[in-house]
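Single-structure report; data block below.
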Amino acid sequence: IDWQPSGSYTDITYETAEGIAKITINRPERRNAFRPQTLFELQEAFNLARDDSNVGVIILTGAGEQAFCSGGDQKIRGDDGYMGDDEVAQRGIGRLNVLDLQVQIRRLPKPVIAMVAGYAIGGGHVLHVCCDLTIAADNARFGQTGPKVGSFDGGYGSWLLAQTVGLKKAREIWYLCRQYSAEEAERMGLVNAVVPLERLEEETVTWAREMLEKSPLALRMVKGAINAVSDGAAGMQQFAGDATMLYYMSEEAQEGRDAFKEKRAPAFDRFPRRP
Ligand code: 1HA
């Protein structure tokens, strides 16, 4: 697959090929830990992939073979969050802006695959949990560290994890802060497939291509439907928005628009009152 890089980023790379966008966290010297800047760039890249109508599937991964992402960069963790180098940080204020990225991945109406080699740990583990699917290399290691390093994610990191692996396992993962092998992760339903490291991208691209053959609107609706249950009112709002989009695409809705523009009464009587 012939990845075409674009954009200029310091902490990530953005590449596309054959309808797939690949977003790579590129801080291997810190096991791909994120800082505020990393997350701003990730948000920009996910927005690009969302807006690009040629893109049908997005892969989120980490540079190198050692880590997908090791969570928040503890070396720039301040007393209330992670410190960037912008004006907000100069006033001594930190950020927890990975939460915005989690929401963005959930809301994004295209499948997002986490492609995990090495560590998916802490806030990096939560990112893979938020992705629609996870393909793991056989060297992948999963776990939360919050209670060990003075943090916790009580949002998607807790209850979406519980929805994924069950309550008992989710508690174990958070209370004990152990690390789990790719094989263990597969057994608990935390990942979709485990493949040898050297086949990781090939396998992930195969999954992406298979989804690209499917109806984009059907995938969008299924993602929205699955998320709506756990996202409550926000999930319903998104799903309702998609219902409006589909309605706009109908002749019935277009009749309403046309009647207004033509300053006449709408003629809805030709549309059936469906059982
Ligand atoms: O919980 C949250 C949040 C909750 C709510 C809202 C927002 C949140 C935002 C973030 C987070 C969190 O992510 S908290 C959890 C933070 N992450 C961790 O606790 C993981 C820390 N790292 C490790 O446990 C290990 O480094 C590792 C299992 C990922 C890898 O171990 P390994 O292969 O033995 O490598 P190691 O030597 O430890 O690391 C290589 C280099 O990468 C080291 O650099 P050096 O100090 O030698 O110069 C190491 O310090 C650095 N590094 C690794 N992880 C991080 C890191 N530097 C900063 N932050 C890291 N997370």
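A note on labels: chains of the structure tokens are A, B, ... as shown, every chain counts residues from 1, and ligands are counted from 1 in their shown order.
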Inset, instruction - Around ligand 1, at most 8 Å away and counting only C-alpha atoms and all ligand atoms, which residues are there? Put them as number ranges by chain, please. - result: A: 28-34, 66-67, 69-76, 81-82, 96-99, 119-124, 144-146, 148-155, 157
Legend entry - Members of segment 4-238 of chain A assigned strand (DSSP E) by DSSP, as a PyMOL selection string: chain A and resi 4-6+12-17+20-25+57-62+67-69+112-116+119-121+133-137+141-143+180-181+193-195
Legend entry - Residue neighbourhood Ile59 of chain A, 6 Å, only C-alpha atoms, exclusion window fewer than 4 positions, as a count of residues only: 4
Inset, instruction - Figure out the distance between atom CA of Leu101 of chain A and atom CA of Ala233 of chain A, please, to one decimal in Å. - result: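 Interatomic distance, atom CA of Ala233 of chain A to atom CA of Leu101 of chain A: 18.8 Å.
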Legend entry - For atom CA of Ile23 of chain A and atom CA of Phe68 of chain A, the interatomic separation in Å (one decimal):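 Atom CA of Phe68 of chain A lies at a distance of 11.3 Å from atom CA of Ile23 of chain A.
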Legend entry - Residue nearest Leu212 of chain A - candidates A:Tyr9, A:Lys110, A:Met83, A:Glu65, atoms counted: only C-alpha atoms: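 Nearest to Leu212 of chain A: A:Lys110.
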Legend entry - For Glu183 of chain A, the nearest of the candidates A:Arg106, A:Arg199, A:Arg141, A:Arg77, counting only C-alpha atoms: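 Result for the nearest residue to Glu183 of chain A: A:Arg141.
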Legend entry - DSSP-assigned alpha helix (DSSP H) members of segment 3-159 of chain A, reported as a ChimeraX atom specification: /A:36-51,87-90,98-107,123-130,146-149
Inset, instruction - Name the residues in contact with Arg270 of chain A at a cut-off of 12 Å, using only C-alpha atoms, excluding same-chain residues fewer than 5 positions from it; report them as number ranges by chain. - result: A: 251-252, 255
Inset, instruction - Considering only C-alpha atoms, return as a PyMOL selection string whatever protein or nucleic-acid residues lie within 12 Å of Ala253 of chain A, sequence-local ones (same chain, fewer than 3 positions apart) excluded. - result: chain A and resi 243-250+256-260+266-268+271
Please dump the current selection as a compact mmCIF listing (two decimals), in the first residue's frame; keep N, CA, C and O atoms.
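Final output, part_7.txt:
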# COMPACT_ATOMS: atom_id res chain seq x y z
N ALA A 243 -30.50 10.63 11.31
CA ALA A 243 -31.87 10.43 10.81
C ALA A 243 -32.30 11.66 10.00
O ALA A 243 -32.91 11.52 8.93
N THR A 244 -31.97 12.84 10.49
CA THR A 244 -32.30 14.07 9.75
C THR A 244 -31.59 14.09 8.40
O THR A 244 -32.19 14.44 7.37
N MET A 245 -30.31 13.69 8.41
CA MET A 245 -29.56 13.67 7.15
C MET A 245 -30.24 12.76 6.13
O MET A 245 -30.43 13.13 4.97
N LEU A 246 -30.65 11.56 6.58
CA LEU A 246 -31.31 10.62 5.67
C LEU A 246 -32.65 11.19 5.19
O LEU A 246 -33.01 11.03 4.02
N TYR A 247 -33.35 11.85 6.10
CA TYR A 247 -34.64 12.46 5.73
C TYR A 247 -34.44 13.57 4.69
O TYR A 247 -35.19 13.65 3.71
N TYR A 248 -33.41 14.37 4.89
CA TYR A 248 -33.09 15.43 3.90
C TYR A 248 -32.88 14.85 2.51
O TYR A 248 -33.11 15.49 1.50
N MET A 249 -32.38 13.61 2.48
CA MET A 249 -32.07 12.97 1.20
C MET A 249 -33.33 12.40 0.54
O MET A 249 -33.26 11.86 -0.56
N SER A 250 -34.48 12.52 1.19
CA SER A 250 -35.72 11.96 0.62
C SER A 250 -36.48 13.01 -0.18
O SER A 250 -36.36 14.22 0.07
N GLY A 256 -40.78 19.77 0.97
CA GLY A 256 -40.95 20.84 1.95
C GLY A 256 -40.07 22.03 1.62
O GLY A 256 -40.52 23.19 1.64
N ARG A 257 -38.83 21.75 1.30
CA ARG A 257 -37.88 22.81 0.93
C ARG A 257 -38.35 23.53 -0.33
O ARG A 257 -38.40 24.76 -0.40
N ASP A 258 -38.73 22.74 -1.35
CA ASP A 258 -39.10 23.33 -2.64
C ASP A 258 -40.35 24.20 -2.51
O ASP A 258 -40.43 25.28 -3.11
N ALA A 259 -41.32 23.71 -1.73
CA ALA A 259 -42.56 24.47 -1.55
C ALA A 259 -42.25 25.83 -0.92
O ALA A 259 -42.80 26.85 -1.33
N PHE A 260 -41.37 25.83 0.05
CA PHE A 260 -41.01 27.10 0.68
C PHE A 260 -40.39 28.05 -0.34
O PHE A 260 -40.78 29.22 -0.45
N PRO A 266 -46.96 23.01 0.56
CA PRO A 266 -46.29 21.74 0.25
C PRO A 266 -47.32 20.66 -0.08
O PRO A 266 -48.40 20.62 0.52
N ALA A 267 -46.99 19.81 -1.06
CA ALA A 267 -47.89 18.71 -1.44
C ALA A 267 -47.30 17.40 -0.94
O ALA A 267 -46.61 16.68 -1.66
N PHE A 268 -47.60 17.10 0.32
CA PHE A 268 -47.06 15.87 0.92
C PHE A 268 -47.96 14.68 0.68
O PHE A 268 -47.63 13.56 1.06
N PHE A 271 -46.88 11.23 -0.66
CA PHE A 271 -45.99 10.37 0.10
C PHE A 271 -46.80 9.47 1.05
O PHE A 271 -47.71 9.95 1.71
Output as a Markdown table one row per residue of segment 36-140 of chain A within 12 Å of segment 14-18 of chain A: the closest atom pair and its distance in Å to one decimal place, counting only C-alpha atoms, sorted by chain and residue number ascending.
| residue | atom | partner | partner_atom | distance |
| --- | --- | --- | --- | --- |
| A:Glu41 | CA | A:Tyr14 | CA | 9.5 |
| A:Leu42 | CA | A:Tyr14 | CA | 8.9 |
| A:Gln43 | CA | A:Tyr14 | CA | 11.3 |
| A:Glu44 | CA | A:Tyr14 | CA | 9.8 |
| A:Ala45 | CA | A:Tyr14 | CA | 6.5 |
| A:Phe46 | CA | A:Tyr14 | CA | 9.2 |
| A:Asn47 | CA | A:Tyr14 | CA | 11.3 |
| A:Leu48 | CA | A:Tyr14 | CA | 9.3 |
| A:Ala49 | CA | A:Thr16 | CA | 8.8 |
| A:Asp52 | CA | A:Thr16 | CA | 10.2 |
| A:Ser53 | CA | A:Glu18 | CA | 11.9 |
| A:Asn54 | CA | A:Glu18 | CA | 8.2 |
| A:Val55 | CA | A:Thr16 | CA | 7.9 |
| A:Gly56 | CA | A:Glu18 | CA | 9.2 |
| A:Val57 | CA | A:Glu18 | CA | 9.8 |
| A:Ile58 | CA | A:Thr16 | CA | 9.0 |
| A:Ile59 | CA | A:Glu15 | CA | 9.7 |
| A:Leu60 | CA | A:Tyr14 | CA | 9.8 |
| A:Thr61 | CA | A:Tyr14 | CA | 10.6 |
| A:Gly62 | CA | A:Tyr14 | CA | 11.5 |
| A:Ala63 | CA | A:Tyr14 | CA | 11.6 |
Please save C-alpha atoms of the selected residues as a PDB file, in the first residue's frame.
ATOM      1  CA  GLU A  41      -2.609  17.576  15.917  1.00  0.00           C
ATOM      2  CA  LEU A  42      -4.548  14.317  16.275  1.00  0.00           C
ATOM      3  CA  GLN A  43      -7.790  16.273  16.383  1.00  0.00           C
ATOM      4  CA  GLU A  44      -6.834  18.142  13.226  1.00  0.00           C
ATOM      5  CA  ALA A  45      -5.930  14.898  11.450  1.00  0.00           C
ATOM      6  CA  PHE A  46      -9.153  13.150  12.493  1.00  0.00           C
ATOM      7  CA  ASN A  47     -11.087  16.172  11.218  1.00  0.00           C
ATOM      8  CA  LEU A  48      -9.296  15.975   7.882  1.00  0.00           C
ATOM      9  CA  ALA A  49     -10.098  12.266   7.617  1.00  0.00           C
ATOM     10  CA  ASP A  52     -12.317  13.745   3.145  1.00  0.00           C
ATOM     11  CA  SER A  53     -15.055  11.923   1.265  1.00  0.00           C
ATOM     12  CA  ASN A  54     -12.441   9.632  -0.273  1.00  0.00           C
ATOM     13  CA  VAL A  55     -11.614   8.299   3.185  1.00  0.00           C
ATOM     14  CA  GLY A  56     -13.818   5.489   4.484  1.00  0.00           C
ATOM     15  CA  VAL A  57     -11.729   3.985   7.278  1.00  0.00           C
ATOM     16  CA  ILE A  58      -9.178   5.491   9.656  1.00  0.00           C
ATOM     17  CA  ILE A  59      -6.261   3.699  11.284  1.00  0.00           C
ATOM     18  CA  LEU A  60      -4.822   5.094  14.521  1.00  0.00           C
ATOM     19  CA  THR A  61      -1.383   3.797  15.421  1.00  0.00           C
ATOM     20  CA  GLY A  62       1.946   4.629  17.047  1.00  0.00           C
ATOM     21  CA  ALA A  63       5.364   5.024  15.466  1.00  0.00           C
TER      22      ALA A  63
END
Inset, instruction - Give me the residues within 8 Å of Cys130 of chain A as a VMD selection string, counting only C-alpha atoms and dropping any in the same chain fewer than 3 places off. - result: chain A and resid 102 105 to 106 126 to 127 156 160
Those selected residues, please, written with N, CA, C and O atoms and delivered as a PDB file, in the first residue's frame.
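Dumped to result-v1.pdb:
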ATOM      1  N   GLN A 102     -11.119  11.548  22.529  1.00  0.00           N
ATOM      2  CA  GLN A 102     -11.959  10.351  22.730  1.00  0.00           C
ATOM      3  C   GLN A 102     -13.361  10.583  22.159  1.00  0.00           C
ATOM      4  O   GLN A 102     -13.896   9.741  21.429  1.00  0.00           O
ATOM      5  N   ILE A 105     -13.374  10.590  18.337  1.00  0.00           N
ATOM      6  CA  ILE A 105     -13.301   9.252  17.727  1.00  0.00           C
ATOM      7  C   ILE A 105     -14.665   8.568  17.798  1.00  0.00           C
ATOM      8  O   ILE A 105     -15.119   7.929  16.847  1.00  0.00           O
ATOM      9  N   ARG A 106     -15.346   8.729  18.922  1.00  0.00           N
ATOM     10  CA  ARG A 106     -16.673   8.132  19.079  1.00  0.00           C
ATOM     11  C   ARG A 106     -17.682   8.722  18.106  1.00  0.00           C
ATOM     12  O   ARG A 106     -18.538   8.022  17.576  1.00  0.00           O
ATOM     13  N   VAL A 126      -6.883   3.707  26.810  1.00  0.00           N
ATOM     14  CA  VAL A 126      -8.247   4.222  26.653  1.00  0.00           C
ATOM     15  C   VAL A 126      -8.506   4.607  25.185  1.00  0.00           C
ATOM     16  O   VAL A 126      -9.605   4.382  24.663  1.00  0.00           O
ATOM     17  N   LEU A 127      -7.489   5.137  24.536  1.00  0.00           N
ATOM     18  CA  LEU A 127      -7.684   5.504  23.115  1.00  0.00           C
ATOM     19  C   LEU A 127      -8.056   4.284  22.277  1.00  0.00           C
ATOM     20  O   LEU A 127      -8.962   4.349  21.449  1.00  0.00           O
ATOM     21  N   TYR A 156     -14.960   7.079  29.413  1.00  0.00           N
ATOM     22  CA  TYR A 156     -14.850   5.932  28.507  1.00  0.00           C
ATOM     23  C   TYR A 156     -13.853   4.903  29.039  1.00  0.00           C
ATOM     24  O   TYR A 156     -14.036   3.701  28.865  1.00  0.00           O
ATOM     25  N   LEU A 160     -16.738   2.271  29.324  1.00  0.00           N
ATOM     26  CA  LEU A 160     -16.688   1.666  27.994  1.00  0.00           C
ATOM     27  C   LEU A 160     -15.810   0.412  28.036  1.00  0.00           C
ATOM     28  O   LEU A 160     -16.093  -0.589  27.376  1.00  0.00           O
TER      29      LEU A 160
END
Legend entry - Nearest to His125 of chain A by atom-to-atom distance, counting only C-alpha atoms, from A:Thr13, A:Val191, A:Gly78, A:Ile93: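 Counting only C-alpha atoms, the residue closest to His125 of chain A is A:Val191.
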